[in-house]
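Peer 1: Pasting a structure here, questions to come.
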Amino acid sequence: MQSSADGKPASRKRDEALSKDGQWRSFPHVPCLLQYVSNGNYYGRIRVNGKLIRVSLKTSVWTIAKLKLAEMMKQGRENRDKAVAPKFSEAVDLFKTELASDSTMKPRSKGYRLDCLAKLQRTWPELWELRLSEITVQACKDWALKLNQEISSQYYNNMIGTLRLVMACGIKTHKEQTKEKLENPGMELKRVRVKQKDLQLPEPAHFKMLVANLRKKSGGWGPRVADLIEFLAYSGLRIRSEALWVTWADIDWKRKEIIVRGDPVTSTKNSETRRVPIIQDMEELLKRLKDDLGTVDKERILQVSRGHVSLERACREIGIPRLTHHDFRHLFATRCIESGVDIPTVSRWLGHKDGGALAMKTYGHLRNEHSQAMAQRVKF
């Protein structure tokens, strides 16, 4: 077959058509191909966002132009089929929606996941603007390495779990919409072994000094924080979900017990009401509060919900390690065991449902030490 100087078969020239202004030559048998008449260069005509545009194929040779056009069309189809991956912030919104609609998860657990998300945003704010396809395994590892040095092992594991869940939610939705599978870089992060906390609890003398130090700050909330600390230490209740919700109506003076109902919405951690004995120190505290504040059945007993600043200052002033509110729950269990109360009973007072397994793991060494001390008193 004869060809013209530009490489086109002579038989194809019959199918050519010029534009009205005579500047462009089109080819009906190759719909997306154009040639600029003045210089002979070929262009591909494609549609982008609904608008037809011309893209130079950078050649004036017919055979090369057809090959480049075919490649350009293939790339265009792939780009249309490949949707842009959602941003991490969009995956967070999807995760929150699923979390809110999950009827099997406790409100407290949902709140904890949201707290983890807030912590994630504080420690890695740039993540919110990244698309899921842009998040690398190395970036996740760099973030995790720094985070592991700042928070407890258990909290760290939960943070990793939250990151994985959010990304999985976004990846699942993206796959449903585009059939494109993305990898979850969070799955490459390794959980760490949860270390047993080294309890540094105050001795009885130091505890009395701590309470006295708080009470002497009469110009602020010191005395009320002291009430809070004593209440936690004498009951072993969890502060947020239990202690703060105890009202005077929950005090059973006849049986000398505190009825623990927990948050009116979320209940206790284990969703069960339980009774905790009123030990002698607690009875003295309640009677003093009753005289100072009076009693209204539906009124909460504790007047403050936290005392981190006052507590930290008091610990520093009397020279003991820093304590948290939860440490006084440990202190209650420790004093009970050291006083001879068996671990299953202590576990029941704490609201554990495992028959004492967790309490044995946490406080078992105290029981052994107590037994050895008692054994020294045995004489024949």
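Residue names in the structure tokens use chain letters A, B, ... in the order shown, residue numbers from 1 in each chain, and ligand numbers from 1 in the order shown.
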If we count only C-alpha atoms and set the cut-off at 7 Å, which residues sit around Gly222 (chain A), ignoring sequence neighbours fewer than 6 positions away in its own chain? Please answer as a list in words.
Peer 2: Leu214, Arg215 and Ser310 of chain A
Peer 1: Identify, on the basis of only C-alpha atoms, every residue whose closest approach to region 110-120 of chain A does not exceed 12 Å; exclude the query and any residue fewer than 6 positions from it along the same chain; express the result as a ChimeraX atom specification.
Peer 2: /A:88-89,91-93,95-104,126-128,140,143-144,147,150-151,154-166,266
Peer 1: For Leu199 (chain A), please output as a ChimeraX atom specification all residues within 12 Å (counting only C-alpha atoms; exclusion window: fewer than 6 positions along the same chain).
Peer 2: /A:321-324,326-331,333-334,362-363,365-366
Peer 1: Need to verify the contact set: Val265 (chain A), 12 Å, only C-alpha atoms, exclusion of same-chain residues closer than 6 positions in sequence. Can you return it as a list in words?
Peer 2: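 Close residues of Val265 (chain A): Lys106, Pro107, Arg108, Ser241, Glu242, Trp245 and Ser271 of chain A.
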Peer 1: Could you give me the residues within region 161-346 of chain A that DSSP places in alpha helix (DSSP H), as a PDB file with C-alpha atoms, in the first residue's frame?
Peer 2:
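Saved result, result-v7.pdb, follows:
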```
ATOM      1  CA  GLY A 161      -6.189  -0.363  67.864  1.00  0.00           C
ATOM      2  CA  THR A 162      -8.119   2.855  67.267  1.00  0.00           C
ATOM      3  CA  LEU A 163      -5.840   3.869  64.382  1.00  0.00           C
ATOM      4  CA  ARG A 164      -6.338   0.468  62.762  1.00  0.00           C
ATOM      5  CA  LEU A 165     -10.112   0.603  63.150  1.00  0.00           C
ATOM      6  CA  VAL A 166     -10.420   4.072  61.627  1.00  0.00           C
ATOM      7  CA  MET A 167      -8.276   3.153  58.632  1.00  0.00           C
ATOM      8  CA  ALA A 168     -10.113  -0.149  58.165  1.00  0.00           C
ATOM      9  CA  CYS A 169     -13.409   1.738  58.103  1.00  0.00           C
ATOM     10  CA  GLY A 170     -12.182   4.119  55.384  1.00  0.00           C
ATOM     11  CA  ILE A 171     -10.564   1.315  53.369  1.00  0.00           C
ATOM     12  CA  LYS A 172     -13.726  -0.787  53.477  1.00  0.00           C
ATOM     13  CA  THR A 173     -15.898   2.065  52.194  1.00  0.00           C
ATOM     14  CA  HIS A 174     -13.361   2.932  49.469  1.00  0.00           C
ATOM     15  CA  LYS A 175     -13.277  -0.680  48.286  1.00  0.00           C
ATOM     16  CA  GLU A 176     -17.080  -0.879  48.157  1.00  0.00           C
ATOM     17  CA  GLN A 177     -17.195   2.220  45.969  1.00  0.00           C
ATOM     18  CA  THR A 178     -14.223   1.581  43.665  1.00  0.00           C
ATOM     19  CA  PRO A 204      -0.547   4.946 106.719  1.00  0.00           C
ATOM     20  CA  ALA A 205       1.460   7.806 108.228  1.00  0.00           C
ATOM     21  CA  HIS A 206       2.053   9.399 104.839  1.00  0.00           C
ATOM     22  CA  PHE A 207      -1.618   9.067 103.936  1.00  0.00           C
ATOM     23  CA  LYS A 208      -2.591  10.984 107.082  1.00  0.00           C
ATOM     24  CA  MET A 209       0.006  13.644 106.248  1.00  0.00           C
ATOM     25  CA  LEU A 210      -1.385  13.896 102.722  1.00  0.00           C
ATOM     26  CA  VAL A 211      -4.950  14.439 103.909  1.00  0.00           C
ATOM     27  CA  ALA A 212      -3.822  16.952 106.544  1.00  0.00           C
ATOM     28  CA  ASN A 213      -1.825  18.876 103.923  1.00  0.00           C
ATOM     29  CA  LEU A 214      -4.883  19.126 101.669  1.00  0.00           C
ATOM     30  CA  ARG A 215      -7.152  20.258 104.497  1.00  0.00           C
ATOM     31  CA  GLY A 222      -8.256  21.723  99.451  1.00  0.00           C
ATOM     32  CA  PRO A 223     -10.684  20.415 102.119  1.00  0.00           C
ATOM     33  CA  ARG A 224     -13.131  19.128  99.496  1.00  0.00           C
ATOM     34  CA  VAL A 225     -10.277  17.411  97.619  1.00  0.00           C
ATOM     35  CA  ALA A 226      -9.286  15.819 100.927  1.00  0.00           C
ATOM     36  CA  ASP A 227     -12.859  14.512 101.272  1.00  0.00           C
ATOM     37  CA  LEU A 228     -12.601  13.082  97.759  1.00  0.00           C
ATOM     38  CA  ILE A 229      -9.274  11.364  98.454  1.00  0.00           C
ATOM     39  CA  GLU A 230     -10.495   9.854 101.727  1.00  0.00           C
ATOM     40  CA  PHE A 231     -13.730   8.665 100.116  1.00  0.00           C
ATOM     41  CA  LEU A 232     -11.805   6.902  97.331  1.00  0.00           C
ATOM     42  CA  ALA A 233      -9.312   5.342  99.739  1.00  0.00           C
ATOM     43  CA  TYR A 234     -11.973   4.075 102.164  1.00  0.00           C
ATOM     44  CA  SER A 235     -14.272   2.637  99.452  1.00  0.00           C
ATOM     45  CA  GLN A 280     -14.799   2.557 110.361  1.00  0.00           C
ATOM     46  CA  ASP A 281     -12.792   5.352 108.688  1.00  0.00           C
ATOM     47  CA  MET A 282     -15.510   5.774 106.041  1.00  0.00           C
ATOM     48  CA  GLU A 283     -18.209   5.950 108.706  1.00  0.00           C
ATOM     49  CA  GLU A 284     -16.342   8.750 110.470  1.00  0.00           C
ATOM     50  CA  LEU A 285     -15.903  10.612 107.174  1.00  0.00           C
ATOM     51  CA  LEU A 286     -19.596  10.285 106.263  1.00  0.00           C
ATOM     52  CA  LYS A 287     -20.762  11.459 109.691  1.00  0.00           C
ATOM     53  CA  ARG A 288     -18.496  14.508 109.496  1.00  0.00           C
ATOM     54  CA  LEU A 289     -19.740  15.326 105.976  1.00  0.00           C
ATOM     55  CA  LYS A 290     -23.300  14.850 107.170  1.00  0.00           C
ATOM     56  CA  ASP A 291     -22.744  17.370 109.952  1.00  0.00           C
ATOM     57  CA  ASP A 292     -20.926  19.833 107.672  1.00  0.00           C
ATOM     58  CA  LEU A 293     -23.089  19.644 104.568  1.00  0.00           C
ATOM     59  CA  HIS A 308      -5.128  16.575  90.277  1.00  0.00           C
ATOM     60  CA  VAL A 309      -3.401  19.897  90.912  1.00  0.00           C
ATOM     61  CA  SER A 310      -3.975  19.934  94.667  1.00  0.00           C
ATOM     62  CA  LEU A 311      -3.018  16.275  94.967  1.00  0.00           C
ATOM     63  CA  GLU A 312       0.206  16.705  93.005  1.00  0.00           C
ATOM     64  CA  ARG A 313       1.179  19.734  95.084  1.00  0.00           C
ATOM     65  CA  ALA A 314       0.480  17.930  98.364  1.00  0.00           C
ATOM     66  CA  CYS A 315       2.527  14.886  97.316  1.00  0.00           C
ATOM     67  CA  ARG A 316       5.414  17.147  96.413  1.00  0.00           C
ATOM     68  CA  GLU A 317       5.245  19.080  99.684  1.00  0.00           C
ATOM     69  CA  ILE A 318       5.292  16.003 101.925  1.00  0.00           C
ATOM     70  CA  ASP A 327      -4.050   4.864  93.112  1.00  0.00           C
ATOM     71  CA  PHE A 328      -6.429   5.219  96.062  1.00  0.00           C
ATOM     72  CA  ARG A 329      -8.491   2.328  94.706  1.00  0.00           C
ATOM     73  CA  HIS A 330      -5.270   0.314  94.826  1.00  0.00           C
ATOM     74  CA  LEU A 331      -4.623   1.656  98.319  1.00  0.00           C
ATOM     75  CA  PHE A 332      -8.024   0.397  99.514  1.00  0.00           C
ATOM     76  CA  ALA A 333      -7.354  -3.086  98.148  1.00  0.00           C
ATOM     77  CA  THR A 334      -3.862  -3.131  99.606  1.00  0.00           C
ATOM     78  CA  ARG A 335      -4.988  -2.131 103.103  1.00  0.00           C
ATOM     79  CA  CYS A 336      -7.805  -4.716 102.996  1.00  0.00           C
ATOM     80  CA  ILE A 337      -5.411  -7.537 102.080  1.00  0.00           C
ATOM     81  CA  GLU A 338      -2.833  -6.426 104.633  1.00  0.00           C
ATOM     82  CA  ILE A 343      -8.686 -11.744  97.891  1.00  0.00           C
ATOM     83  CA  PRO A 344     -12.036 -13.095  96.559  1.00  0.00           C
ATOM     84  CA  THR A 345     -13.845 -10.816  99.022  1.00  0.00           C
ATOM     85  CA  VAL A 346     -11.696  -7.801  98.116  1.00  0.00           C
TER      86      VAL A 346
END
```
Peer 1: Counting only C-alpha atoms, what is within 7 Å of Ile301 (chain A), bar same-chain residues fewer than 3 positions away, as number ranges by chain?
Peer 2: A: 246-248
Peer 1: Just asking: which residues within region 202-366 of chain A are strand (DSSP E or B) according to DSSP, as a PyMOL selection string?
Peer 2: chain A and resi 247+251-252+257-260+263+267+274-277+300
Peer 1: Selected residues, N, CA and C atoms, written as a JSON list (two decimals), in the first residue's frame, please.
Peer 2:
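In the end it all went to result_15.json:
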```json
[["chain", "number", "residue", "atom", "x", "y", "z"],
["A", 247, "THR", "N", -24.94, 9.14, 96.14],
["A", 247, "THR", "CA", -25.76, 10.14, 96.85],
["A", 247, "THR", "C", -26.03, 9.65, 98.27],
["A", 251, "ILE", "N", -26.52, 5.50, 100.91],
["A", 251, "ILE", "CA", -25.88, 5.08, 102.16],
["A", 251, "ILE", "C", -26.88, 4.28, 102.99],
["A", 252, "ASP", "N", -26.60, 3.01, 103.17],
["A", 252, "ASP", "CA", -27.44, 2.13, 103.98],
["A", 252, "ASP", "C", -26.84, 2.08, 105.38],
["A", 257, "GLU", "N", -23.48, -0.16, 104.61],
["A", 257, "GLU", "CA", -23.02, -0.44, 103.25],
["A", 257, "GLU", "C", -23.30, 0.75, 102.33],
["A", 258, "ILE", "N", -22.46, 0.89, 101.31],
["A", 258, "ILE", "CA", -22.69, 1.89, 100.27],
["A", 258, "ILE", "C", -23.22, 1.14, 99.05],
["A", 259, "ILE", "N", -24.36, 1.58, 98.54],
["A", 259, "ILE", "CA", -24.92, 0.96, 97.34],
["A", 259, "ILE", "C", -24.30, 1.66, 96.13],
["A", 260, "VAL", "N", -23.57, 0.92, 95.35],
["A", 260, "VAL", "CA", -22.86, 1.48, 94.19],
["A", 260, "VAL", "C", -23.69, 1.23, 92.93],
["A", 263, "ASP", "N", -22.91, 5.65, 87.17],
["A", 263, "ASP", "CA", -23.47, 6.69, 86.30],
["A", 263, "ASP", "C", -24.92, 6.34, 85.95],
["A", 267, "SER", "N", -24.22, 3.27, 84.04],
["A", 267, "SER", "CA", -24.10, 2.34, 85.17],
["A", 267, "SER", "C", -22.63, 2.19, 85.57],
["A", 274, "ARG", "N", -23.69, -2.99, 93.12],
["A", 274, "ARG", "CA", -23.07, -3.81, 94.18],
["A", 274, "ARG", "C", -23.06, -3.03, 95.49],
["A", 275, "ARG", "N", -22.70, -3.70, 96.54],
["A", 275, "ARG", "CA", -22.63, -3.07, 97.87],
["A", 275, "ARG", "C", -21.21, -3.18, 98.40],
["A", 276, "VAL", "N", -20.74, -2.07, 98.96],
["A", 276, "VAL", "CA", -19.39, -2.02, 99.54],
["A", 276, "VAL", "C", -19.55, -1.69, 101.02],
["A", 277, "PRO", "N", -18.87, -2.42, 101.90],
["A", 277, "PRO", "CA", -19.02, -2.16, 103.34],
["A", 277, "PRO", "C", -18.48, -0.79, 103.74],
["A", 300, "ARG", "N", -25.45, 14.51, 95.65],
["A", 300, "ARG", "CA", -24.19, 13.76, 95.68],
["A", 300, "ARG", "C", -23.40, 14.09, 96.93]]
```
Peer 1: For the atom pair CA of Ile64 (chain A) and CA of Asn41 (chain A), what is the interatomic distance in Å to one decimal place?
Peer 2: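 That distance, rounded to one decimal, is 11.0 Å.
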Peer 1: Might you pull out every residue within 12 Å of Leu33 (chain A), with only C-alpha atoms counted and same-chain residues fewer than 2 positions away left off, and present them as JSON, numbers by chain?
Peer 2: {"A": [16, 17, 24, 25, 26, 27, 28, 29, 30, 31, 35, 36, 41, 42, 43, 44, 45, 46, 53, 54, 55, 56, 57, 60, 62, 63, 64, 65, 66, 67, 68, 69, 70, 72, 73]}
